Every structure is written in structure tokens, then in C-alpha cells.
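**Student:** Below: one structure in C-alpha cells.
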Amino acid sequence: MGGRDELNSMSTGGKAMIEAGSDSLLNAQWARVRGRLRAEFGEATFRSWLKPLTLAGRRGQDLRVAVPSRFMRDWVATHYADRIKALWTSECPEIRSVEVIVDANGTATASGGLEFDDLPATESAPDDGNGAKTESDPAAVLGADQEGLAGVSATLDPRLTFDNFVVGKSNELAHAAAIRVAESDSVPFNPLFLYGGVGLGKTHLMHAIAHHIKKKQPQKRVIYLSAEKFMYQFIRALRNKNTMAFKELFRSVDVLMVDDVQFIIGKESTQEEFFHTFNALFDQNKQVVLSADKSPSDLQGLEERMRTRFGWGLVADIHPTTYELRLGILQAKAEQAPIEIPGKVLEFLAHRISSNVRELEGALTRIIAHATLVGRPVSVDSAQELLKDLLRANDRSVTIEEIQRRVAEHYNIKLADMSSPRRARQVSRPRQIAMYLAKQLTTKSLPDIGRGFGGRDHTTVMHAVKKVEELAAGDISFAEDIDLLRRMLEG
Ligand SMILES: Nc1ncnc2c1ncn2[C@@H]1O[C@H](COP(=O)(O)OP(=O)(O)OP(=O)(O)O)[C@@H](O)[C@H]1O
């Protein structure tokens with residue numbers, strides 16, 4: 001359709017009948033348009049959205065089609081108006097605009113000769129504010145309603161795609177399940193329930209699903225929103241007395257994704273409404289994707305019937321990140337950075353900021369911003385200085401076990417080798433380094449440290465400390481390695 005102006009161009013002043021004598025021609029053209037809509041959009045979409053359309057009238061170059069509800073009007077205007085207009089123009093080149101209007105009483109028919117001014121509220125298809133309609137963007141689609149359902153679906157963040165999601169052991173199940181839901185024509189599991197701690201990628205995966213569906217199956221109607229927003233919309237609908245439209249909206253989508261459902265626990269009426277929405281979609285075999293900070297069984301206060309239902313599909317846990325995943329995420333982000341970030345700095349961050357990915361990203365952003373502003377290269381030193389507060393918040397007091405784990409990780413040996421009798425250089429050297437660090441970073445005595453390394457004698461620890469000091473004095477890269485490990489472990 002030619003955009004908002006065109007849709008608005010139809011004057012509603014003055015009475016005008018459908019052009020005399022053109023009824024049967026108009027009806028025949030309308031039948032052909034409907035036939036083509038059915039062929040193009042498929043039976044299911046046609047039945048849900050296009051079949052209820054009736055021809056409301058024509059005046060000169062302007063045509064009106066009617067739908068029974070405001071919600072449908074918005075949906076049809078946003079999704080199908082362009083196509084309806086194009087098909088009409090091919091049937092009848094004089095037609096310049098097609099307007100979708102609401103006719104709740106079903107009084108508008110093609111042959112009924114309904115007068116334009118007799119019709120209820122007329123609205124034009126919404127646009128995205130730039131004059132162009134964003135038909136397949138759920139945010140734009142659902143932002144269409146002007147009677148209280150505006151902005152139902154949240155705007156999708158273009159960065160949160162599958163391409164930008166780094167997969168590791170801790171999130172591989174959730175990622176695979178999300179891909180399945182996004183790619184499937186049918187409903188592979190219902191609901192998909194993603195859960196995990198703060199900032200571990202639940203929202204990212206939900207946006208990625210929506211992006212993917214929008215691209216690959218644009219005919220699907222998708223709503224993504226937070227549970228908080230669901231509640232807000234529901235309360236607003238209650239206040240505006242349009243809960244019917246609310247129900248209609250949420251129960252007519254192909255995919256409903258609700259983020260952070262723990263939010264509605266204890267909010268009685270919202271929970272109730274959500275339960276019915278969930279059931280309605282479930283019964284129609286429509287995909288539901290939910291996220292929460294805990295598994296359904298651990299969501300305290302959640303109604304039993306909901307807990308049971310949430311567990312019907314696939315419950316996928318996103319575990320805390322591993323060092324490798326954190327490093328992978330940082331590397332992927334650093335590749336897009338405008339400046340070079342040394343690998344050692346990324347390793348340092350991956351080791352020291354283990355709370356969640358959001359903080360990790362924040363740290364990297366800070367480093368990049370700072371380096372760009374002051375124009376100095378990034379180093380482990382400068383990163384440590386810059387991120388003091390964040391690092392402190394992520395700090396725990398260091399234990400011998402922690403040191404052993406980090407050092408083993410760093411040198412790629414088994415943790416068990418820290419205590420084993422093996423004397424091969426590739427395990428004995430890291431063991432010595434760990435002993436050295438234990439001496440430096442803990443208050444443990446030499447015999448205590450020895451005990452922590454498989455019951456070794458305190459003289460072995462002493463020897464290790466000396467050896468490491470000697471090596472560090474003579475080999476800069478070895479010294480750097482030790483320094484890096486120390487920083488990683490330090491409070
Ligand atoms: N595996 C990953 N690969 C790339 N980026 C990630 C990954 N996991 C998380 N992120 C990023 O970390 C940030 C936080 O993730 P997200 O908002 O999805 O977390 P969440 O689990 O929804 O957190 P919350 O519980 O606070 O809602 C986002 O910027 C996201 O892009």
C-alpha cells in the first residue's frame with residue numbers, strides 16, 4: 001500500500017454510495033482477490049485473518065474492507081494491506097487506496113451498499129514512524145493497536161542473534177533447543193522453558209528465536225515480551241475494559257515468548273490470565289517459549305498447575321559459564337572492537353570476571369572506551385587498574401584448591417596431577433608454580449601447602465618457590481605467565 005498518507009487520503013465527509021451498477025463486478029473482483037489471497041498466504045492464514053474480511057464499499061478510487069474487531073483491523077492492516085491493495089489494483093487499476101475498517105456488527109457487505117460514514121471507527125494501517133510499514137517485525141506489528149495494546153511486543157535487539165551467540169558446554173542444550181524451535185515448521189516441544197542465572201543468555205536466545213522466525217517464516221505471528229510487560233498490558237486492558245482484545249491478541253499468535261516468568265509469581269490475576277493464555281495456545285498447538293531464573297520445580301510460589309504445565313515440554317538449563325566460554329565470548333566481541341585487545345587481557349578478564357556475561361561484556365566495553373579515549377594500548381595492567389571495582393566484586397579469597405585449579409587449567413594438565421606423584425616436567429613445573437602462588441597468595445605455612453599437594457614435605461615447597469623465582473628472573477615470558485596467573489587469582 002502506498003503508506004499512511006494514501007490510507008488516510010480517503011475523506012470520510014459526505015455520504016457516498018458504492019457506485020451504482022458496479023456491485024456485481026465488484027463482487028466478482030473481490031472473489032478473485034480473495035482467491036489469490038488464499039493461494040498466496042495458505043489456508044490457515046487465510047482462514048484466521050483474511051476470510052473474515054468483507055468488502056465494505058467503494059467510492060471512486062477508494063475502497064474499504066471491513067473486519068469484525070479492532071485487533072484484526074490492526075493485524076490485517078499491518079500484515080496484509082499491501083498485498084490486498086496490490087491485488088485490487090491488478091483487478092481494477094483505478095483503485096488507489098484500500099482502507100481496513102472495523103465493522104463489529106457485520107453490517108458491511110459488498111452488496112449491501114453500505115455508506116462509508118455509517119461505518120464505525122476507521123483507522124489506517126500503522127507505520128513504523130518512518131512512513132514505511134515494518135510488517136514482519138513483531139514489535140511493529142503489535143505496536144499497532146491504538147486502544148491500549150500499543151507496544152505489546154518488545155523491540156528486538158538486532159545484536160541478539162544466533163550468529164552472535166557463542167556456544168559452549170554450559171549453554172549447548174538451550175542453544176540447540178532454541179534453534180530447533182526457530183527452525184521448525186511444527187512445534188517441537190511445548191513449552192520450551194529456558195532457565196538460568198542472571199545474565200547468562202536467556203534473553204539473547206529468545207531474541208534470536210524471534211529474529212530467525214521473522215526472517216525464515218515471516219508469515220508467523222510472534223510476540224516476545226517480558227512477564228512484567230505482560231502484566232502491565234493485562235492491567236492496562238483491565239483498566240481500559242478491553243480484556244477481550246487482550247485475550248484475542250495473545251491467543252492468536254503462532255509463537256508467544258515470555259521472558260522472566262518468575263516475575264508473575266504472586267501476581268494472582270496476571271498469573272491466572274497467563275495460565276489461560278498458555279493453555280489456549282497449547283491447545284491450538286502454538287509454540288510457547290518461556291524463560292525464568294529457576295527451573296519450574298524450583299520456582300517458589302508458582303501455582304502447582306502451572307509448574308506442571310511448564311514442565312511438559314523441554315526444560316533447558318543454562319549453566320554458569322566456563323572459562324572457555326567466557327574467553328570465546330570475549331574473543332568474538334574483541335574481534336568487532338575498533339582497537340586491538342591483547343589475548344592476555346582477554347584471558348585475564350575471562351579468569352577474573354566469572355559472575356555473568358553481562359559483566360564480562362561491560363568490562364570489555366569499558367576497556368575499549370577507555371583505550372579509545374586516552375589513545376593508549378590496552379594491557380593487563382591498565383585493565384586491572386580500570387576495572388578495580390568490578391574485579392573486587394568478583395573476588396573471593398583464594399584457596400589452595402583454587403590456585404591448583406587455575407594453574408592446571410592454564411597449563412592444560414589434570415587437577416589430580418597437582419597431588420599426584422608424577423614427576424614429568426610437564427606436570428611438575430605447573431605444580432611448582434602452584435606451590436609458589438600458594439605461598440604468595442595465601443597465609444598457609446609451608447607444611448600446610450605441602451599437605452595440600454598430595455602430602456608433600458615442606459622442603460619440596462621451599463624448593464618449588466626458589467625454583468620459580470629463579471626461572472622468573474631469567475625468563476621474561478615465564479615471569480609474565482606467573483604474573484598473569486597471580487593477577488587472575490589475586491583479590
Ligand atoms: N553465549 C553467549 N554468547 C554471546 N553473548 C552472550 C552469551 N550469553 C550471554 N551473552 C550476552 O550477555 C548479555 C546478557 O545476556 P541476557 O540478557 O540474554 O541474559 P539473561 O539470561 O536474559 O539475564 P537476565 O536474567 O538478567 O534476564 C547480553 O548482552 C548477551 O548478548
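Each chain of the C-alpha cells is named A, B, ... in the order shown, its residues numbered from 1; ligands are numbered from 1 in display order.
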Pick out the residues sitting within 10 Å of A:Asp260, and hand them over as a ChimeraX atom specification; count only C-alpha atoms, and ignore anything fewer than 2 positions along from it in its own chain.
**Tutor:** /A:194-195,202-203,225-228,257-258,262-264,290-294
**Student:** Please give me, as a ChimeraX atom specification, the residues lying within 8 Å of ligand 1 when counting only C-alpha atoms and all ligand atoms.
**Tutor:** /A:159-160,164-168,171,195-206,259-260,291-293,325,329,332,356-361
**Student:** For C-alpha atoms, I'd like the residues from the last selection saved as an mmCIF file, in the first residue's frame.
**Tutor:**
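After the write, out-v9.cif holds the following:
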data_model
loop_
_atom_site.group_PDB
_atom_site.id
_atom_site.type_symbol
_atom_site.label_atom_id
_atom_site.label_comp_id
_atom_site.auth_asym_id
_atom_site.auth_seq_id
_atom_site.Cartn_x
_atom_site.Cartn_y
_atom_site.Cartn_z
ATOM 1 C CA ARG A 159 22.620 -7.818 18.062
ATOM 2 C CA LEU A 160 20.951 -10.722 19.822
ATOM 3 C CA ASN A 164 26.347 -13.675 17.823
ATOM 4 C CA PHE A 165 25.710 -16.356 20.392
ATOM 5 C CA VAL A 166 28.804 -18.271 21.450
ATOM 6 C CA VAL A 167 28.062 -21.885 22.271
ATOM 7 C CA GLY A 168 29.835 -23.815 24.991
ATOM 8 C CA ASN A 171 24.574 -23.439 27.099
ATOM 9 C CA TYR A 195 16.260 -21.135 32.746
ATOM 10 C CA GLY A 196 19.499 -19.998 34.310
ATOM 11 C CA GLY A 197 21.141 -17.331 36.436
ATOM 12 C CA VAL A 198 21.293 -13.640 35.700
ATOM 13 C CA GLY A 199 22.990 -12.525 32.512
ATOM 14 C CA LEU A 200 23.675 -15.953 31.053
ATOM 15 C CA GLY A 201 21.926 -15.524 27.718
ATOM 16 C CA LYS A 202 18.231 -16.379 28.125
ATOM 17 C CA THR A 203 17.039 -13.125 26.636
ATOM 18 C CA HIS A 204 19.657 -13.401 23.921
ATOM 19 C CA LEU A 205 18.304 -16.795 22.858
ATOM 20 C CA MET A 206 14.706 -15.582 22.861
ATOM 21 C CA ASP A 259 10.874 -13.618 29.424
ATOM 22 C CA ASP A 260 11.447 -13.820 33.182
ATOM 23 C CA SER A 291 12.382 -18.105 30.484
ATOM 24 C CA ALA A 292 12.966 -17.854 34.203
ATOM 25 C CA ASP A 293 15.789 -17.648 36.682
ATOM 26 C CA LEU A 325 33.059 -19.999 27.057
ATOM 27 C CA ILE A 329 32.608 -14.680 24.084
ATOM 28 C CA ALA A 332 34.122 -12.813 19.495
ATOM 29 C CA ASN A 356 27.988 -13.385 34.305
ATOM 30 C CA VAL A 357 28.299 -12.492 30.664
ATOM 31 C CA ARG A 358 26.725 -9.083 31.090
ATOM 32 C CA GLU A 359 29.500 -8.023 33.462
ATOM 33 C CA LEU A 360 32.089 -9.538 31.206
ATOM 34 C CA GLU A 361 30.792 -7.519 28.273
#
**Student:** Between atom CA of A:Met231 and atom CA of A:Phe193, what distance in Å does the model show, to one decimal?
**Tutor:** 19.0 Å
**Student:** Extract, using only C-alpha atoms, all DNA, RNA and protein residues at most 7 Å from stretch 441-458 of chain A, discarding same-chain residues fewer than 3 positions from it, and format them as a PyMOL selection string.
**Tutor:** chain A and resi 398-400+418-420+435+437-438+461-462+490
**Student:** Between atom CA of A:Leu364 and atom CA of A:Pro342, what is the distance in Å, rounded to a tenth?
**Tutor:**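 Going from atom CA of A:Leu364 over to atom CA of A:Pro342 covers 11.8 Å.
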**Student:** Pick the closest to A:Val187 from A:Lys51, A:His211, A:Lys344, A:Lys286: which is it, counting only C-alpha atoms?
**Tutor:** A:Lys286
**Student:** Taking the chain letters and numbering used in this document, name the residues of stretch 158-326 of chain A that DSSP puts in strand (DSSP E), as a PyMOL selection string.
**Tutor:** chain A and resi 192-196+222-226+255-259+287-292+314-318
**Student:** Go ahead and write the selection's residues with C-alpha atoms as a compact mmCIF listing (two decimals), in the first residue's frame.
**Tutor:**
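As written to disk, out20.txt reads:
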# COMPACT_ATOMS: atom_id res chain seq x y z
CA LEU A 192 10.44 -24.53 25.62
CA PHE A 193 11.43 -23.45 29.11
CA LEU A 194 14.85 -21.80 29.35
CA TYR A 195 16.26 -21.13 32.75
CA GLY A 196 19.50 -20.00 34.31
CA VAL A 222 5.41 -13.78 17.07
CA ILE A 223 5.16 -11.92 20.32
CA TYR A 224 8.17 -11.53 22.55
CA LEU A 225 7.82 -9.65 25.81
CA SER A 226 8.85 -9.73 29.44
CA VAL A 255 4.70 -18.06 18.88
CA LEU A 256 4.48 -16.46 22.30
CA MET A 257 7.71 -15.81 24.15
CA VAL A 258 7.63 -14.52 27.69
CA ASP A 259 10.87 -13.62 29.42
CA GLN A 287 4.64 -22.54 20.31
CA VAL A 288 5.29 -21.06 23.74
CA VAL A 289 8.80 -20.16 24.89
CA LEU A 290 9.37 -19.14 28.48
CA SER A 291 12.38 -18.11 30.48
CA ALA A 292 12.97 -17.85 34.20
CA LEU A 314 11.60 -29.19 27.18
CA VAL A 315 13.21 -27.60 30.22
CA ALA A 316 16.71 -26.44 29.26
CA ASP A 317 19.16 -25.15 31.80
CA ILE A 318 21.84 -22.54 31.04
**Student:** Go through A:Ser355, A:Asp103, A:Val76, A:Asp283 and flag the residue nearest A:Arg392, using only C-alpha atoms for the distances.
**Tutor:** A:Ser355
**Student:** Within 7 Å of A:Glu347, counting only C-alpha atoms, which residues show up once you throw out same-chain ones fewer than 4 positions away? Write them as a PyMOL selection string, please.
**Tutor:** chain A and resi 327+343+351
**Student:** Closest to A:Val468 among A:Pro430, A:Pro93, A:Gly57, A:Gly311, using only C-alpha atoms?
**Tutor:**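 Looking only at the distances to A:Val468, the closest residue turns out to be A:Pro430.
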**Student:** In stretch 439-472 of chain A, what's helix (DSSP H, G or I) per DSSP? Answer as a ChimeraX atom specification?
**Tutor:** /A:439-441,446-452,458-472
